[in-house]
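Engineer: Structure below; questions to follow.
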Protein chains: 2
Amino acid sequence: MLIVQKFGGSSVANAERIRNVAGIIAESFLMGHDLVVVLSAQGDTTDELLDKAAEINPNPSKRELDMLLTTGEQQSIALMAMCLEGMGLPVVSLTGWQVGIRTDTVYGSARIRRIYTERLRRELDKKRIVLVAGFQGVNKFDDYTTLGRGGSDATAVALAAALHADRCQIFTDVEGVYTSDPRKVPEAKKLEEITYDEMLELASMGAQVLMNRSVQLAKRYGVELEVLSSLVRAPGTKVKEVSKNMEEMKITGIAKDEHVARVTVVKVADRPGSAFRVLNAVSKAGVDVDMIIQANGREETNDMSFVVAEGDAQRAYDALMERRSAIGFDHVSLDRDIAKVSVVGAGMMSSAGIASLVFEALNDEHINIQMINTSEIKISCVIDAPSADRAVSAIHRKFFES
Amino acid sequence: MLIVQKFGGSSVANAERIRNVAGIIAESFLMGHDLVVVLSAQGDTTDELLDKAAEINPNPSKRELDMLLTTGEQQSIALMAMCLEGMGLPVVSLTGWQVGIRTDTVYGSARIRRIYTERLRRELDKKRIVLVAGFQGVNKFDDYTTLGRGGSDATAVALAAALHADRCQIFTDVEGVYTSDPRKVPEAKKLEEITYDEMLELASMGAQVLMNRSVQLAKRYGVELEVLSSLVRAPGTKVKEVSKNMEEMKITGIAKDEHVARVTVVKVADRPGSAFRVLNAVSKAGVDVDMIIQANGREETNDMSFVVAEGDAQRAYDALMERRSAIGFDHVSLDRDIAKVSVVGAGMMSSAGIASLVFEALNDEHINIQMINTSEIKISCVIDAPSADRAVSAIHRKFFES
């Protein structure tokens with residue numbers, strides 16, 4: 001079986017952690033698997049390098065930043081190779097260039113364009129464990145690029161796709177994907193399986209296990225992912241197209257996102273295109289919006305609300321106020337003290353009763369729902385931030401603990 | 001004018017030093033020169049990386065060590081590029097691979113085989129300052145190699161040769177090449193010019209300014225070197241084929257090497273091939289010898305002495321003792337408490353009187369000469385180590401201070 005494994009920065013932060021991960025790799029290798037292992041930079045390396053850069057130039061070019069940052073992963077693979085060599089295992093480390101990972105030219109957040117697998121195949125044919133520097137590639141100018149946030153996961157998934165690997169294992173510091181955040185909801189259950197779409201909704205809802213990007217990539221190429229712990233030896237959560245739980249389980253997980261703000265545009269002039277002009281102003285400022293609600297009042301003006309990432313709130317506000325007369329509204333109010341609680345589940349597609357169960361759970365707790373948004377596999381509610389943990393627990397009880 | 005500049009690790013050890021070097025580079029660039037700048041890893045980076053490696057595997061493969069170590073120079077060029085960007089200068093940093101430096105496959109001490117200059121030429125045509133990671137290249141497997149000791153100097157000289165540069169400036173923490181070690185001999189004079197051959201003799205004698213390897217490379221390709229300080233703005237020493245001082249100055253410099261030991265093989269059997277067998281045993285143990293003296297006694301046995309590097313003395317001893325009966329000798333004695341003092345100068349070729357001046361200087365100080373060796377441009381004397389500094393001063397006075 002050909003397996004691609006990926007270990008994050010905290011998993012290789014020091015010599016002890018490296019030895020631990022080497023043990024996991026060795027175990028898989030000695031079971032007879034062909035192994036390609038993607039590594040991130042050690043623990044704080046990237047931050048240290050960014051500090052060094054900032055000391056010299058607070059605003060360096062992204063090309064040179066990538067030149068600097070790609071050294072972090074290169075050091076990781078070299079050190080891990082030495083560790084595996086010390087265990088008497090055949091191993092070779094390869095940088096993004098050597099692996100043949102070709103990206104576009106967007107320094108700092110490049111996308112993988114193509115992977116030339118000849119070298120990888122050759123090394124695998126020699127029965128070597130192949131260590132690959134994650135997060136990096138080279139562009140058409142033969143310059144180094146980094147893949148941006150979640151880049152090492154993306155490297156692993158892309159390699160799994162290119163090699164038609166049998167499995168892609170993402171090792172993290174959690175044991176898998178849970179029905180809710182186990183640090184907040186002690187009763188949270190680890191999911192055996194989850195669909196790509198469910199994972200995408202959970203990831204965007206703040207479940208920090210996998211970046212959307214990697215899940216999308218896995219979905220597009222049909223790469224079966226497994227999220228599991230590098231510290232605890234236990235089966236993780238499989239992320240795939242169809243989950244066997246789809247019929248039985250109503251919902252897959254509950255997520256909470258407190259880094260959101262509600263923007264309300266008050267008394268939008270009731271004329272054609274107002275809603276478009278509001279959203280256009282915000283989107284031109286580079287702000288993504290979610291959960292748009294237009295409250296049709298009795299007056300000839302309407303209030304319009306939507307949710308943005310907390311960090312974008314001021315930008316959205318400024319963009320709107322700048323075009324206030326052109327759009328036509330009274331004023332804009334911001335509410336940062338909100339949270340978005342979402343329940344996700346492919347089972348929802350056929351269960352209309354899910355929503356009412358969610359509302360019942362919140363009602364039992366006297367939590368007021370400010371906004372609601374539903375999709376085929378998700379129901380999101382905006383509530384006041386202080387109630388968020390209580391809301392997640394209540395919903396969790398309703399669905400998983402009865 | 002196309003200039004290749006090289007700055008060592010201590011010259012780029014921290015942000016302040018990087019800014020200082022950036023000033024030197026900027027000055028040359030703004031004078032209208034095309035610039036290729038070779039950098040070493042920052043200060044202690046290489047040692048820190050070696051420590052990290054040792055913690056994981058005390059005996060890692062040289063391939064993976066090179067994978068690890070090449071990141072040091074890559075970080076240097078990225079940081080320097082950021083600094084120059086901050087000054088508004090056009091700059092691009094390139095690793096050994098990107099520059100097209102192709103080496104043999106000897107990891108840890110690779111030799112440069114070829115440099116493909118297309119990318120360099122392209123960047124220079126764009127009027128960019130090109131920063132090059134020293135000490136590294138890639139081999140025919142597309143694997144990273146390091147060039148071993150003095151590797152960054154070798155990178156600079158090889159680039160100067162490949163690009164037919166007008167000048168190759170090696171910036172160090174000394175102001176040039178001196179008639180003797182200025183820390184020991186306050187009267188030491190900075191040389192304006194010196195020939196390759198003189199520099200070679202001085203380098204091998206422990207004047208740590210330039211590794212022999214770079215000087216040999218420069219000599220072979222006729223690259224004119226200039227050794228100068230990155231901290232003091234002053235003309236340095238030019239190293240070239242013919243020095244204009246050749247006729248006037250009797251000797252160029254005086255060097256001292258205390259890291260030597262004398263091996264004496266006592267009572268070597270007086271039969272054909274004995275000397276060969278002694279030297280063969282030592283050379284097969286990988287030990288270089290110097291200053292071989294065979295003292296023909298009145299007996300039918302001879303003593304044979306030679307000088308080796310201090311670190312090789314035990315190996316030479318063991319190798320000889322192992323073949324004691326085959327070679328035929330009584331015993332081997334080692335003397336580590338010696339020093340080799342050498343006077344170097346192309347002028348010697350025509351001045352037979354130099355030797356007698358050296359001997360006179362040592363005689364004045366009552367320093368006993370244990371061994372003597374002369375070449376066309378060098379006279380070396382082995383004396384007891386405690387007299388070494390006094391010997392250097394005495395010779396210096398004799399030649400330079402009258």
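Going by the structure tokens order, chains are called A, B, ..., each with residues numbered from 1, while ligands are numbered from 1 in the order shown.
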Which residues of chain A have any atom within 7 Å of an atom in chain B when counting only C-alpha atoms, and what is the closest pair of atoms for each, with the distance in Å to one decimal? Order the rows by chain and rising number and write it as JSON lines.

Structural biologist:
{"residue": "A:Ala15", "atom": "CA", "partner": "B:Ile56", "partner_atom": "CA", "distance": 5.9}
{"residue": "A:Ala53", "atom": "CA", "partner": "B:Leu79", "partner_atom": "CA", "distance": 6.2}
{"residue": "A:Glu55", "atom": "CA", "partner": "B:Ala15", "partner_atom": "CA", "distance": 6.8}
{"residue": "A:Ile56", "atom": "CA", "partner": "B:Cys83", "partner_atom": "CA", "distance": 5.7}
{"residue": "A:Asn57", "atom": "CA", "partner": "B:Gly86", "partner_atom": "CA", "distance": 5.8}
{"residue": "A:Pro60", "atom": "CA", "partner": "B:Met82", "partner_atom": "CA", "distance": 5.3}
{"residue": "A:Glu64", "atom": "CA", "partner": "B:Ala78", "partner_atom": "CA", "distance": 5.2}
{"residue": "A:Leu65", "atom": "CA", "partner": "B:Ala78", "partner_atom": "CA", "distance": 6.9}
{"residue": "A:Met67", "atom": "CA", "partner": "B:Ala78", "partner_atom": "CA", "distance": 5.8}
{"residue": "A:Leu68", "atom": "CA", "partner": "B:Gln75", "partner_atom": "CA", "distance": 5.1}
{"residue": "A:Thr71", "atom": "CA", "partner": "B:Thr71", "partner_atom": "CA", "distance": 5.2}
{"residue": "A:Gln74", "atom": "CA", "partner": "B:Leu68", "partner_atom": "CA", "distance": 6.7}
{"residue": "A:Gln75", "atom": "CA", "partner": "B:Leu68", "partner_atom": "CA", "distance": 5.1}
{"residue": "A:Ala78", "atom": "CA", "partner": "B:Glu64", "partner_atom": "CA", "distance": 5.2}
{"residue": "A:Leu79", "atom": "CA", "partner": "B:Ala53", "partner_atom": "CA", "distance": 6.2}
{"residue": "A:Ala81", "atom": "CA", "partner": "B:Glu64", "partner_atom": "CA", "distance": 6.7}
{"residue": "A:Met82", "atom": "CA", "partner": "B:Pro60", "partner_atom": "CA", "distance": 5.3}
{"residue": "A:Cys83", "atom": "CA", "partner": "B:Ile56", "partner_atom": "CA", "distance": 5.7}
{"residue": "A:Glu85", "atom": "CA", "partner": "B:Pro60", "partner_atom": "CA", "distance": 7.0}
{"residue": "A:Gly86", "atom": "CA", "partner": "B:Asn57", "partner_atom": "CA", "distance": 5.8}
{"residue": "A:Gln98", "atom": "CA", "partner": "B:Asp142", "partner_atom": "CA", "distance": 6.9}
{"residue": "A:Asp142", "atom": "CA", "partner": "B:Gln98", "partner_atom": "CA", "distance": 6.9}

Engineer: Can you pull out every residue within 8 Å of segment 374-382 of chain A, counting only C-alpha atoms, but drop anything in the same chain fewer than 4 positions away, and send it as a ChimeraX atom specification?

Structural biologist: /A:197-198,201,338-349,355,369-370

Engineer: Just to be explicit: take each residue in the selection above, keep C-alpha atoms, and write the result as an mmCIF file, in the first residue's frame.

Structural biologist:
data_model
loop_
_atom_site.group_PDB
_atom_site.id
_atom_site.type_symbol
_atom_site.label_atom_id
_atom_site.label_comp_id
_atom_site.auth_asym_id
_atom_site.auth_seq_id
_atom_site.Cartn_x
_atom_site.Cartn_y
_atom_site.Cartn_z
ATOM 1 C CA ASP A 197 -18.636 18.326 2.413
ATOM 2 C CA GLU A 198 -19.224 17.938 6.108
ATOM 3 C CA GLU A 201 -18.449 23.058 6.593
ATOM 4 C CA ILE A 338 -21.747 37.560 18.566
ATOM 5 C CA ALA A 339 -20.933 33.951 17.783
ATOM 6 C CA LYS A 340 -21.951 31.644 14.992
ATOM 7 C CA VAL A 341 -22.947 28.134 16.042
ATOM 8 C CA SER A 342 -23.316 25.618 13.256
ATOM 9 C CA VAL A 343 -24.509 22.062 13.059
ATOM 10 C CA VAL A 344 -23.223 20.107 10.098
ATOM 11 C CA GLY A 345 -24.374 16.804 8.690
ATOM 12 C CA ALA A 346 -24.939 15.199 5.326
ATOM 13 C CA GLY A 347 -27.997 13.562 6.918
ATOM 14 C CA MET A 348 -29.723 16.896 6.990
ATOM 15 C CA MET A 349 -30.406 16.690 3.319
ATOM 16 C CA ALA A 355 -33.632 22.549 12.391
ATOM 17 C CA ILE A 369 -31.380 33.329 17.783
ATOM 18 C CA GLN A 370 -30.445 36.536 15.981
#

Engineer: Please extract the residues of segment 60-134 of chain A with a backbone DSSP assignment of alpha helix (DSSP H) and present them as an mmCIF file with N, CA and C atoms, in the first residue's frame.

Structural biologist:
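Saved as selection.cif:
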data_model
loop_
_atom_site.group_PDB
_atom_site.id
_atom_site.type_symbol
_atom_site.label_atom_id
_atom_site.label_comp_id
_atom_site.auth_asym_id
_atom_site.auth_seq_id
_atom_site.Cartn_x
_atom_site.Cartn_y
_atom_site.Cartn_z
ATOM 1 N N LYS A 62 7.721 39.308 -1.218
ATOM 2 C CA LYS A 62 7.260 37.941 -0.936
ATOM 3 C C LYS A 62 8.227 36.920 -1.537
ATOM 4 N N ARG A 63 8.874 37.281 -2.641
ATOM 5 C CA ARG A 63 9.828 36.337 -3.221
ATOM 6 C C ARG A 63 10.946 36.010 -2.232
ATOM 7 N N GLU A 64 11.510 37.051 -1.614
ATOM 8 C CA GLU A 64 12.628 36.811 -0.699
ATOM 9 C C GLU A 64 12.144 36.169 0.598
ATOM 10 N N LEU A 65 10.911 36.502 1.013
ATOM 11 C CA LEU A 65 10.347 35.841 2.192
ATOM 12 C C LEU A 65 10.234 34.337 1.930
ATOM 13 N N ASP A 66 9.789 33.985 0.735
ATOM 14 C CA ASP A 66 9.677 32.559 0.404
ATOM 15 C C ASP A 66 11.056 31.905 0.369
ATOM 16 N N MET A 67 12.041 32.629 -0.169
ATOM 17 C CA MET A 67 13.420 32.130 -0.174
ATOM 18 C C MET A 67 13.854 31.814 1.259
ATOM 19 N N LEU A 68 13.476 32.704 2.187
ATOM 20 C CA LEU A 68 13.854 32.522 3.585
ATOM 21 C C LEU A 68 13.070 31.372 4.228
ATOM 22 N N LEU A 69 11.753 31.388 4.044
ATOM 23 C CA LEU A 69 10.896 30.450 4.789
ATOM 24 C C LEU A 69 11.044 29.005 4.339
ATOM 25 N N THR A 70 11.334 28.792 3.061
ATOM 26 C CA THR A 70 11.443 27.410 2.595
ATOM 27 C C THR A 70 12.585 26.653 3.266
ATOM 28 N N THR A 71 13.499 27.383 3.912
ATOM 29 C CA THR A 71 14.589 26.677 4.603
ATOM 30 C C THR A 71 14.072 25.907 5.811
ATOM 31 N N GLY A 72 12.951 26.356 6.386
ATOM 32 C CA GLY A 72 12.429 25.706 7.592
ATOM 33 C C GLY A 72 12.057 24.248 7.339
ATOM 34 N N GLU A 73 11.315 24.011 6.288
ATOM 35 C CA GLU A 73 10.908 22.642 5.976
ATOM 36 C C GLU A 73 12.107 21.808 5.524
ATOM 37 N N GLN A 74 13.039 22.460 4.859
ATOM 38 C CA GLN A 74 14.231 21.727 4.408
ATOM 39 C C GLN A 74 15.007 21.196 5.616
ATOM 40 N N GLN A 75 15.085 22.017 6.669
ATOM 41 C CA GLN A 75 15.772 21.562 7.877
ATOM 42 C C GLN A 75 15.017 20.393 8.510
ATOM 43 N N SER A 76 13.688 20.471 8.534
ATOM 44 C CA SER A 76 12.879 19.393 9.115
ATOM 45 C C SER A 76 13.143 18.049 8.433
ATOM 46 N N ILE A 77 13.112 18.050 7.110
ATOM 47 C CA ILE A 77 13.261 16.772 6.410
ATOM 48 C C ILE A 77 14.665 16.219 6.595
ATOM 49 N N ALA A 78 15.677 17.109 6.640
ATOM 50 C CA ALA A 78 17.047 16.637 6.835
ATOM 51 C C ALA A 78 17.183 15.984 8.214
ATOM 52 N N LEU A 79 16.640 16.656 9.232
ATOM 53 C CA LEU A 79 16.761 16.123 10.593
ATOM 54 C C LEU A 79 16.001 14.800 10.731
ATOM 55 N N MET A 80 14.807 14.744 10.152
ATOM 56 C CA MET A 80 14.035 13.497 10.234
ATOM 57 C C MET A 80 14.763 12.377 9.488
ATOM 58 N N ALA A 81 15.368 12.717 8.345
ATOM 59 C CA ALA A 81 16.117 11.697 7.598
ATOM 60 C C ALA A 81 17.248 11.150 8.456
ATOM 61 N N MET A 82 17.952 12.051 9.154
ATOM 62 C CA MET A 82 19.052 11.608 10.016
ATOM 63 C C MET A 82 18.532 10.678 11.114
ATOM 64 N N CYS A 83 17.376 10.987 11.652
ATOM 65 C CA CYS A 83 16.791 10.173 12.716
ATOM 66 C C CYS A 83 16.472 8.773 12.184
ATOM 67 N N LEU A 84 15.870 8.708 11.009
ATOM 68 C CA LEU A 84 15.521 7.408 10.429
ATOM 69 C C LEU A 84 16.775 6.638 10.021
ATOM 70 N N GLU A 85 17.791 7.372 9.524
ATOM 71 C CA GLU A 85 19.076 6.721 9.217
ATOM 72 C C GLU A 85 19.632 6.064 10.469
ATOM 73 N N GLY A 86 19.514 6.792 11.595
ATOM 74 C CA GLY A 86 20.024 6.276 12.864
ATOM 75 C C GLY A 86 19.326 4.990 13.279
ATOM 76 N N GLY A 96 10.855 20.717 -2.234
ATOM 77 C CA GLY A 96 9.779 20.881 -3.199
ATOM 78 C C GLY A 96 10.292 20.848 -4.630
ATOM 79 N N TRP A 97 11.428 21.497 -4.851
ATOM 80 C CA TRP A 97 12.026 21.486 -6.185
ATOM 81 C C TRP A 97 12.379 20.061 -6.601
ATOM 82 N N GLN A 98 13.050 19.326 -5.719
ATOM 83 C CA GLN A 98 13.494 17.981 -6.073
ATOM 84 C C GLN A 98 12.332 17.043 -6.337
ATOM 85 N N VAL A 99 11.230 17.257 -5.588
ATOM 86 C CA VAL A 99 10.050 16.426 -5.762
ATOM 87 C C VAL A 99 9.357 16.746 -7.075
ATOM 88 N N GLU A 118 8.484 11.610 -11.349
ATOM 89 C CA GLU A 118 9.551 10.679 -11.729
ATOM 90 C C GLU A 118 10.512 10.395 -10.574
ATOM 91 N N ARG A 119 11.022 11.465 -9.954
ATOM 92 C CA ARG A 119 11.992 11.273 -8.878
ATOM 93 C C ARG A 119 11.378 10.490 -7.720
ATOM 94 N N LEU A 120 10.139 10.861 -7.368
ATOM 95 C CA LEU A 120 9.439 10.165 -6.280
ATOM 96 C C LEU A 120 9.330 8.674 -6.583
ATOM 97 N N ARG A 121 8.894 8.356 -7.793
ATOM 98 C CA ARG A 121 8.738 6.951 -8.189
ATOM 99 C C ARG A 121 10.065 6.214 -8.096
ATOM 100 N N ARG A 122 11.110 6.913 -8.559
ATOM 101 C CA ARG A 122 12.433 6.284 -8.570
ATOM 102 C C ARG A 122 12.864 5.957 -7.142
ATOM 103 N N GLU A 123 12.657 6.911 -6.231
ATOM 104 C CA GLU A 123 13.065 6.684 -4.844
ATOM 105 C C GLU A 123 12.204 5.593 -4.206
ATOM 106 N N LEU A 124 10.920 5.589 -4.508
ATOM 107 C CA LEU A 124 10.036 4.549 -3.952
ATOM 108 C C LEU A 124 10.423 3.176 -4.494
ATOM 109 N N ASP A 125 10.809 3.130 -5.763
ATOM 110 C CA ASP A 125 11.248 1.860 -6.345
ATOM 111 C C ASP A 125 12.477 1.311 -5.637
#

Engineer: Report as a list in words all protein, DNA and RNA residues lying within 9 Å of Phe400 of chain A, evaluated on only C-alpha atoms, omitting residues in the same chain fewer than 3 positions from it.

Structural biologist: Thr179, Glu187, Ala188, Lys189, Ile251, Ile395, His396 and Arg397 of chain A

Engineer: Would you save the residues of that selection, restricted to N, CA and C atoms, as a compact mmCIF listing (two decimals), in the first residue's frame?

Structural biologist:
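Output saved as out_38.txt:
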# COMPACT_ATOMS: atom_id res chain seq x y z
N THR A 179 -17.41 15.49 17.25
CA THR A 179 -18.76 16.05 17.07
C THR A 179 -18.80 17.49 17.54
N GLU A 187 -18.21 15.72 26.36
CA GLU A 187 -18.91 14.56 25.82
C GLU A 187 -18.69 14.40 24.32
N ALA A 188 -17.94 15.29 23.72
CA ALA A 188 -17.72 15.23 22.27
C ALA A 188 -17.20 13.85 21.88
N LYS A 189 -17.72 13.36 20.77
CA LYS A 189 -17.32 12.02 20.31
C LYS A 189 -16.44 12.13 19.08
N ILE A 251 -26.66 14.42 12.44
CA ILE A 251 -25.65 15.47 12.22
C ILE A 251 -24.28 14.92 12.58
N ILE A 395 -26.95 21.74 22.14
CA ILE A 395 -27.21 21.05 20.86
C ILE A 395 -26.55 19.66 20.89
N HIS A 396 -25.34 19.61 21.45
CA HIS A 396 -24.63 18.34 21.52
C HIS A 396 -25.44 17.32 22.30
N ARG A 397 -25.99 17.76 23.44
CA ARG A 397 -26.82 16.85 24.25
C ARG A 397 -28.00 16.35 23.44

Engineer: If you measure from atom CA of Gly273 of chain B to atom CA of Ile383 of chain B, what distance in Å do you get, rounded to one decimal?

Structural biologist: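 Interatomic distance here is 29.1 Å.
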
Engineer: List every residue of segment 61-201 of chain A that DSSP, applied to the backbone of this structure, places in strand (DSSP E), and write the result as a VMD selection string.

Structural biologist: chain A and resid 91 to 94 101 to 103 112 to 115 129 to 133 136 to 138 144 to 146 167 to 172 193 to 195

Engineer: Identify, on the basis of only C-alpha atoms, every residue whose closest approach to Ala285 of chain B does not exceed 7 Å; exclude the query and any residue fewer than 5 positions from it along the same chain; express the result as a ChimeraX atom specification.

Structural biologist: /B:315-316,319

Engineer: Can you tell me which residues surround Arg323 of chain A at a distance of at most 12 Å, considering only C-alpha atoms, apart from same-chain residues fewer than 4 positions away, and format the answer as a ChimeraX atom specification?

Structural biologist: /A:274,277-282,284-285,316-319,327-332

Engineer: Could the residues in this selection be written to a file with N, CA and C atoms, as an mmCIF file, in the first residue's frame?

Structural biologist:
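Now in selection-v1.cif:
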data_model
loop_
_atom_site.group_PDB
_atom_site.id
_atom_site.type_symbol
_atom_site.label_atom_id
_atom_site.label_comp_id
_atom_site.auth_asym_id
_atom_site.auth_seq_id
_atom_site.Cartn_x
_atom_site.Cartn_y
_atom_site.Cartn_z
ATOM 1 N N SER A 274 -30.437 48.075 -4.422
ATOM 2 C CA SER A 274 -29.830 48.518 -3.164
ATOM 3 C C SER A 274 -28.999 47.409 -2.534
ATOM 4 N N ARG A 277 -25.839 46.954 -4.329
ATOM 5 C CA ARG A 277 -24.853 48.008 -4.091
ATOM 6 C C ARG A 277 -24.190 47.867 -2.724
ATOM 7 N N VAL A 278 -24.969 47.446 -1.737
ATOM 8 C CA VAL A 278 -24.390 47.211 -0.404
ATOM 9 C C VAL A 278 -23.317 46.114 -0.484
ATOM 10 N N LEU A 279 -23.684 44.998 -1.056
ATOM 11 C CA LEU A 279 -22.769 43.853 -1.090
ATOM 12 C C LEU A 279 -21.576 44.116 -1.995
ATOM 13 N N ASN A 280 -21.836 44.865 -3.062
ATOM 14 C CA ASN A 280 -20.764 45.198 -3.987
ATOM 15 C C ASN A 280 -19.691 46.052 -3.295
ATOM 16 N N ALA A 281 -20.150 47.023 -2.500
ATOM 17 C CA ALA A 281 -19.208 47.898 -1.791
ATOM 18 C C ALA A 281 -18.326 47.075 -0.857
ATOM 19 N N VAL A 282 -18.957 46.137 -0.154
ATOM 20 C CA VAL A 282 -18.227 45.319 0.814
ATOM 21 C C VAL A 282 -17.260 44.376 0.094
ATOM 22 N N LYS A 284 -15.942 44.700 -2.841
ATOM 23 C CA LYS A 284 -14.825 45.429 -3.463
ATOM 24 C C LYS A 284 -13.738 45.759 -2.446
ATOM 25 N N ALA A 285 -14.127 45.815 -1.164
ATOM 26 C CA ALA A 285 -13.137 46.054 -0.111
ATOM 27 C C ALA A 285 -12.449 44.752 0.291
ATOM 28 N N ALA A 316 -15.280 46.665 6.274
ATOM 29 C CA ALA A 316 -16.623 46.648 5.687
ATOM 30 C C ALA A 316 -17.349 47.953 6.032
ATOM 31 N N TYR A 317 -17.210 48.338 7.293
ATOM 32 C CA TYR A 317 -17.862 49.574 7.758
ATOM 33 C C TYR A 317 -17.375 50.778 6.937
ATOM 34 N N ASP A 318 -16.069 50.899 6.821
ATOM 35 C CA ASP A 318 -15.496 52.033 6.090
ATOM 36 C C ASP A 318 -15.941 52.043 4.631
ATOM 37 N N ALA A 319 -15.937 50.854 4.026
ATOM 38 C CA ALA A 319 -16.312 50.764 2.612
ATOM 39 C C ALA A 319 -17.747 51.226 2.409
ATOM 40 N N ILE A 327 -25.327 54.581 -2.137
ATOM 41 C CA ILE A 327 -26.161 53.417 -1.856
ATOM 42 C C ILE A 327 -27.509 53.865 -1.303
ATOM 43 N N GLY A 328 -27.453 54.796 -0.343
ATOM 44 C CA GLY A 328 -28.676 55.263 0.295
ATOM 45 C C GLY A 328 -29.039 54.449 1.514
ATOM 46 N N PHE A 329 -28.550 54.869 2.673
ATOM 47 C CA PHE A 329 -28.970 54.225 3.925
ATOM 48 C C PHE A 329 -28.755 55.214 5.055
ATOM 49 N N ASP A 330 -29.259 54.864 6.219
ATOM 50 C CA ASP A 330 -29.166 55.792 7.338
ATOM 51 C C ASP A 330 -27.821 55.683 8.048
ATOM 52 N N HIS A 331 -27.528 54.512 8.574
ATOM 53 C CA HIS A 331 -26.228 54.315 9.204
ATOM 54 C C HIS A 331 -25.880 52.831 9.238
ATOM 55 N N VAL A 332 -24.657 52.550 9.680
ATOM 56 C CA VAL A 332 -24.199 51.161 9.773
ATOM 57 C C VAL A 332 -23.892 50.867 11.231
#

Engineer: Name all residues at most 12 Å from Ile101 of chain B (count only C-alpha atoms; drop same-chain ones fewer than 2 positions away) and give them as number ranges by chain.

Structural biologist: B: 94-99, 103-104, 110-120, 132-140, 142-147, 154-156, 158-159, 162

Engineer: Report as a list in words all protein, DNA and RNA residues lying within 6 Å of segment 26-37 of chain B, evaluated on only C-alpha atoms, omitting residues in the same chain fewer than 2 positions from it.

Structural biologist: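 Residues meeting the cut-off are Met1, Leu2, Ile3, Val4, Gln5, Lys6, Ala22, Gly23, Ile24, Ile129, Val130, Leu131 and Val132 of chain B.
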